[in-house]
>>> print(open('my_file04.pdb').read())   # PDB, C-alpha atoms
ATOM      1  CA  MET L   1      36.896 -37.999   4.378
ATOM      2  CA  LYS L   2      34.480 -39.909   6.562
ATOM      3  CA  LYS L   3      34.760 -43.615   7.239
ATOM      4  CA  LYS L   4      31.685 -44.376   5.076
ATOM      5  CA  ASP L   5      33.127 -42.395   2.157
ATOM      6  CA  PHE L   6      36.368 -44.343   2.372
ATOM      7  CA  LEU L   7      34.489 -47.644   2.486
ATOM      8  CA  ILE L   8      32.366 -46.748  -0.559
ATOM      9  CA  ALA L   9      35.461 -45.673  -2.511
ATOM     10  CA  ALA L  10      37.254 -48.910  -1.592
ATOM     11  CA  VAL L  11      34.279 -51.050  -2.680
ATOM     12  CA  VAL L  12      33.988 -49.200  -6.003
ATOM     13  CA  LEU L  13      37.711 -49.610  -6.684
ATOM     14  CA  LEU L  14      37.579 -53.277  -5.753
ATOM     15  CA  LEU L  15      34.642 -53.911  -8.109
ATOM     16  CA  ALA L  16      36.389 -52.015 -10.917
ATOM     17  CA  GLY L  17      39.515 -54.117 -10.409
ATOM     18  CA  ILE L  18      37.548 -57.361 -10.446
ATOM     19  CA  LEU L  19      35.733 -56.346 -13.634
ATOM     20  CA  ALA L  20      39.021 -55.386 -15.285
ATOM     21  CA  LEU L  21      40.524 -58.780 -14.429
ATOM     22  CA  VAL L  22      37.454 -60.645 -15.667
ATOM     23  CA  PHE L  23      37.524 -58.735 -18.956
ATOM     24  CA  ARG L  24      41.278 -59.254 -19.323
ATOM     25  CA  PHE L  25      41.078 -63.010 -18.992
ATOM     26  CA  THR L  26      37.695 -63.728 -20.551
ATOM     27  CA  GLY L  27      36.674 -60.605 -22.421
ATOM     28  CA  GLY L  28      37.337 -59.520 -25.947
ATOM     29  CA  ASP L  29      36.253 -61.339 -29.031
ATOM     30  CA  PRO L  30      38.686 -63.841 -30.434
ATOM     31  CA  GLY L  31      40.055 -62.292 -33.599
ATOM     32  CA  GLY L  32      40.083 -63.924 -36.982
ATOM     33  CA  SER L  33      43.253 -62.403 -38.376
ATOM     34  CA  VAL L  34      46.195 -60.092 -37.792
ATOM     35  CA  ARG L  35      46.512 -56.938 -39.914
ATOM     36  CA  VAL L  36      50.066 -55.665 -40.175
ATOM     37  CA  LYS L  37      50.796 -52.064 -41.120
ATOM     38  CA  VAL L  38      54.203 -50.622 -41.868
ATOM     39  CA  ASP L  39      54.443 -46.841 -41.858
ATOM     40  CA  GLY L  40      50.633 -46.658 -41.799
ATOM     41  CA  LYS L  41      50.136 -48.796 -44.922
ATOM     42  CA  VAL L  42      48.672 -52.304 -44.788
ATOM     43  CA  ALA L  43      51.466 -54.791 -45.457
ATOM     44  CA  GLY L  44      49.279 -57.872 -45.079
ATOM     45  CA  THR L  45      46.505 -59.604 -43.199
ATOM     46  CA  TYR L  46      47.071 -63.135 -41.914
ATOM     47  CA  ALA L  47      44.646 -65.708 -40.504
ATOM     48  CA  LEU L  48      45.199 -66.667 -36.872
ATOM     49  CA  VAL L  49      44.183 -70.243 -37.645
ATOM     50  CA  GLU L  50      47.112 -70.698 -40.068
ATOM     51  CA  GLU L  51      50.419 -71.383 -38.367
ATOM     52  CA  GLN L  52      53.108 -69.374 -40.112
ATOM     53  CA  ARG L  53      56.199 -67.219 -39.786
ATOM     54  CA  VAL L  54      55.972 -63.957 -41.709
ATOM     55  CA  PRO L  55      59.140 -61.909 -42.224
ATOM     56  CA  PHE L  56      58.918 -58.144 -42.695
ATOM     57  CA  ASP L  57      62.028 -56.656 -44.248
ATOM     58  CA  THR L  58      61.533 -52.959 -44.844
ATOM     59  CA  LYS L  59      63.724 -49.883 -45.132
ATOM     60  CA  TYR L  60      63.199 -49.474 -41.367
ATOM     61  CA  GLY L  61      64.426 -52.945 -40.397
ATOM     62  CA  HIS L  62      63.487 -56.599 -39.918
ATOM     63  CA  ASN L  63      60.680 -58.185 -37.877
ATOM     64  CA  THR L  64      59.353 -61.749 -37.880
ATOM     65  CA  LEU L  65      55.700 -62.225 -36.927
ATOM     66  CA  VAL L  66      54.875 -65.741 -35.731
ATOM     67  CA  ILE L  67      51.324 -67.082 -35.744
ATOM     68  CA  GLU L  68      50.707 -70.328 -33.897
ATOM     69  CA  GLY L  69      47.997 -71.721 -31.685
ATOM     70  CA  GLY L  70      45.613 -68.919 -32.660
ATOM     71  CA  LYS L  71      47.966 -66.265 -31.292
ATOM     72  CA  ALA L  72      50.556 -63.934 -32.813
ATOM     73  CA  HIS L  73      53.810 -62.543 -31.462
ATOM     74  CA  ILE L  74      56.992 -60.903 -32.701
ATOM     75  CA  GLU L  75      59.744 -63.498 -32.533
ATOM     76  CA  ASP L  76      62.650 -61.622 -34.036
ATOM     77  CA  ALA L  77      63.491 -57.967 -34.644
ATOM     78  CA  ASP L  78      66.661 -56.022 -35.275
ATOM     79  CA  CYS L  79      65.468 -52.855 -33.542
ATOM     80  CA  PRO L  80      67.694 -51.427 -30.777
ATOM     81  CA  ASP L  81      65.445 -52.144 -27.779
ATOM     82  CA  HIS L  82      63.687 -55.408 -28.842
ATOM     83  CA  TYR L  83      60.635 -54.220 -26.900
ATOM     84  CA  CYS L  84      58.309 -55.633 -29.571
ATOM     85  CA  GLU L  85      59.636 -59.127 -28.845
ATOM     86  CA  GLN L  86      58.705 -58.709 -25.177
ATOM     87  CA  GLN L  87      55.086 -57.602 -25.708
ATOM     88  CA  GLY L  88      53.742 -61.143 -25.570
ATOM     89  CA  GLU L  89      50.994 -62.725 -27.633
ATOM     90  CA  ILE L  90      47.851 -61.231 -29.105
ATOM     91  CA  SER L  91      44.674 -63.069 -30.096
ATOM     92  CA  LYS L  92      41.661 -60.891 -29.253
ATOM     93  CA  THR L  93      40.156 -58.180 -31.427
ATOM     94  CA  GLY L  94      41.837 -54.832 -30.825
ATOM     95  CA  GLU L  95      45.040 -56.158 -29.261
ATOM     96  CA  THR L  96      48.231 -54.825 -30.849
ATOM     97  CA  LEU L  97      51.951 -55.378 -31.143
ATOM     98  CA  VAL L  98      54.046 -52.314 -31.942
ATOM     99  CA  CYS L  99      57.638 -51.849 -33.106
ATOM    100  CA  LEU L 100      58.141 -48.073 -33.107
ATOM    101  CA  PRO L 101      61.635 -47.990 -34.659
ATOM    102  CA  HIS L 102      60.361 -50.050 -37.620
ATOM    103  CA  LYS L 103      56.976 -48.277 -37.800
ATOM    104  CA  LEU L 104      55.253 -51.689 -37.639
ATOM    105  CA  VAL L 105      51.867 -52.273 -35.998
ATOM    106  CA  ALA L 106      50.165 -55.676 -35.880
ATOM    107  CA  GLU L 107      46.515 -55.618 -34.782
ATOM    108  CA  VAL L 108      44.040 -58.446 -34.304
ATOM    109  CA  VAL L 109      40.953 -57.829 -36.428
ATOM    110  CA  THR L 110      37.887 -59.719 -37.527
ATOM    111  CA  GLY L 111      37.594 -60.179 -41.244
ATOM    112  CA  GLU L 112      39.161 -61.521 -44.375
ATOM    113  CA  THR L 113      42.812 -62.199 -45.030
ATOM    114  CA  SER L 114      44.735 -60.935 -48.028
ATOM    115  CA  ASP L 115      47.201 -62.725 -50.232
ATOM    116  CA  VAL L 116      50.054 -60.315 -49.460
ATOM    117  CA  ASP L 117      52.855 -62.317 -47.864
ATOM    118  CA  VAL L 118      55.789 -59.924 -47.507
ATOM    119  CA  VAL L 119      56.707 -56.314 -47.933
ATOM    120  CA  ALA L 120      59.354 -55.559 -50.543
ATOM    121  CA  LYS L 121      62.206 -53.190 -49.761
TER     122      LYS L 121
END
>>> encode(input="my_file04.pdb", output="structure tokens")
Amino acid sequence: MKKKDFLIAAVVLLLAGILALVFRFTGGDPGGSVRVKVDGKVAGTYALVEEQRVPFDTKYGHNTLVIEGGKAHIEDADCPDHYCEQQGEISKTGETLVCLPHKLVAEVVTGETSDVDVVAK
């Protein structure tokens, strides 16, 4: 590889990294609600502007979704690894939280909320 080729590759990678950082911190549309699915079925859709704690008690286990300050996160789960609690907050369209052992996926979407509050066992 010639020196010019290396320089061009470095510049392209640097620009790609800068664009990725800009999109990460400023990109993405703010979502209007969080759609929660358990085992592929919609368990509820909740507005991000409404501060609330939503428990999900299913045959797979327990999760508590917390919505506050326009963001959502998993606060409590009884899964073995608790990875879903460590995924942080979501607020932009397309961002997700996943608890694989409980088959729970929370995704930020734009759109209407439903009046489903909990999932029955």
>>> residues_near_point(input="my_file04.pdb", point="(54.8, -51.2, -40.9)", cutoff="7 Å", atoms="all atoms listed in the file", output="PyMOL selection string")
chain L and resi 36-41+43+102-105
>>> atom_distance(input="my_file04.pdb", atom1="atom CA of His62 of chain L", atom2="atom CA of Thr110 of chain L")
25.9 Å
>>> residues_near_point(input="my_file04.pdb", point="(45.0, -74.1, -39.8)", cutoff="12 Å", atoms="all atoms listed in the file", output="PyMOL selection string")
chain L and resi 32-33+46-52+67-71
>>> atom_distance(input="my_file04.pdb", atom1="atom CA of Pro101 of chain L", atom2="atom CA of Arg35 of chain L")
18.3 Å
>>> atom_distance(input="my_file04.pdb", atom1="atom CA of Glu95 of chain L", atom2="atom CA of Val34 of chain L")
9.5 Å
>>> resolve_selection(input="my_file04.pdb", expression="the PyMOL selection byres ((chain L and resi 56) around 12)", output="number ranges by chain")
L: 36-38, 42-44, 53-55, 57-66, 74-78, 99, 102-106, 116-121
>>> write_last_selection(input="my_file04.pdb", atoms="C-alpha atoms", output="PDB file, keeping the file's coordinate frame")
ATOM      1  CA  VAL L  36      50.066 -55.665 -40.175  1.00  0.00           C
ATOM      2  CA  LYS L  37      50.796 -52.064 -41.120  1.00  0.00           C
ATOM      3  CA  VAL L  38      54.203 -50.622 -41.868  1.00  0.00           C
ATOM      4  CA  VAL L  42      48.672 -52.304 -44.788  1.00  0.00           C
ATOM      5  CA  ALA L  43      51.466 -54.791 -45.457  1.00  0.00           C
ATOM      6  CA  GLY L  44      49.279 -57.872 -45.079  1.00  0.00           C
ATOM      7  CA  ARG L  53      56.199 -67.219 -39.786  1.00  0.00           C
ATOM      8  CA  VAL L  54      55.972 -63.957 -41.709  1.00  0.00           C
ATOM      9  CA  PRO L  55      59.140 -61.909 -42.224  1.00  0.00           C
ATOM     10  CA  ASP L  57      62.028 -56.656 -44.248  1.00  0.00           C
ATOM     11  CA  THR L  58      61.533 -52.959 -44.844  1.00  0.00           C
ATOM     12  CA  LYS L  59      63.724 -49.883 -45.132  1.00  0.00           C
ATOM     13  CA  TYR L  60      63.199 -49.474 -41.367  1.00  0.00           C
ATOM     14  CA  GLY L  61      64.426 -52.945 -40.397  1.00  0.00           C
ATOM     15  CA  HIS L  62      63.487 -56.599 -39.918  1.00  0.00           C
ATOM     16  CA  ASN L  63      60.680 -58.185 -37.877  1.00  0.00           C
ATOM     17  CA  THR L  64      59.353 -61.749 -37.880  1.00  0.00           C
ATOM     18  CA  LEU L  65      55.700 -62.225 -36.927  1.00  0.00           C
ATOM     19  CA  VAL L  66      54.875 -65.741 -35.731  1.00  0.00           C
ATOM     20  CA  ILE L  74      56.992 -60.903 -32.701  1.00  0.00           C
ATOM     21  CA  GLU L  75      59.744 -63.498 -32.533  1.00  0.00           C
ATOM     22  CA  ASP L  76      62.650 -61.622 -34.036  1.00  0.00           C
ATOM     23  CA  ALA L  77      63.491 -57.967 -34.644  1.00  0.00           C
ATOM     24  CA  ASP L  78      66.661 -56.022 -35.275  1.00  0.00           C
ATOM     25  CA  CYS L  99      57.638 -51.849 -33.106  1.00  0.00           C
ATOM     26  CA  HIS L 102      60.361 -50.050 -37.620  1.00  0.00           C
ATOM     27  CA  LYS L 103      56.976 -48.277 -37.800  1.00  0.00           C
ATOM     28  CA  LEU L 104      55.253 -51.689 -37.639  1.00  0.00           C
ATOM     29  CA  VAL L 105      51.867 -52.273 -35.998  1.00  0.00           C
ATOM     30  CA  ALA L 106      50.165 -55.676 -35.880  1.00  0.00           C
ATOM     31  CA  VAL L 116      50.054 -60.315 -49.460  1.00  0.00           C
ATOM     32  CA  ASP L 117      52.855 -62.317 -47.864  1.00  0.00           C
ATOM     33  CA  VAL L 118      55.789 -59.924 -47.507  1.00  0.00           C
ATOM     34  CA  VAL L 119      56.707 -56.314 -47.933  1.00  0.00           C
ATOM     35  CA  ALA L 120      59.354 -55.559 -50.543  1.00  0.00           C
ATOM     36  CA  LYS L 121      62.206 -53.190 -49.761  1.00  0.00           C
TER      37      LYS L 121
END
>>> closest_residue(input="my_file04.pdb", among="L:Ser91, L:Val98, L:Ile18, L:Gly31", to="Cys79 of chain L", atoms="all atoms listed in the file")
L:Val98
>>> closest_residue(input="my_file04.pdb", among="L:Gln87, L:Thr45, L:Leu19, L:His82", to="Glu107 of chain L", atoms="only C-alpha atoms")
L:Thr45
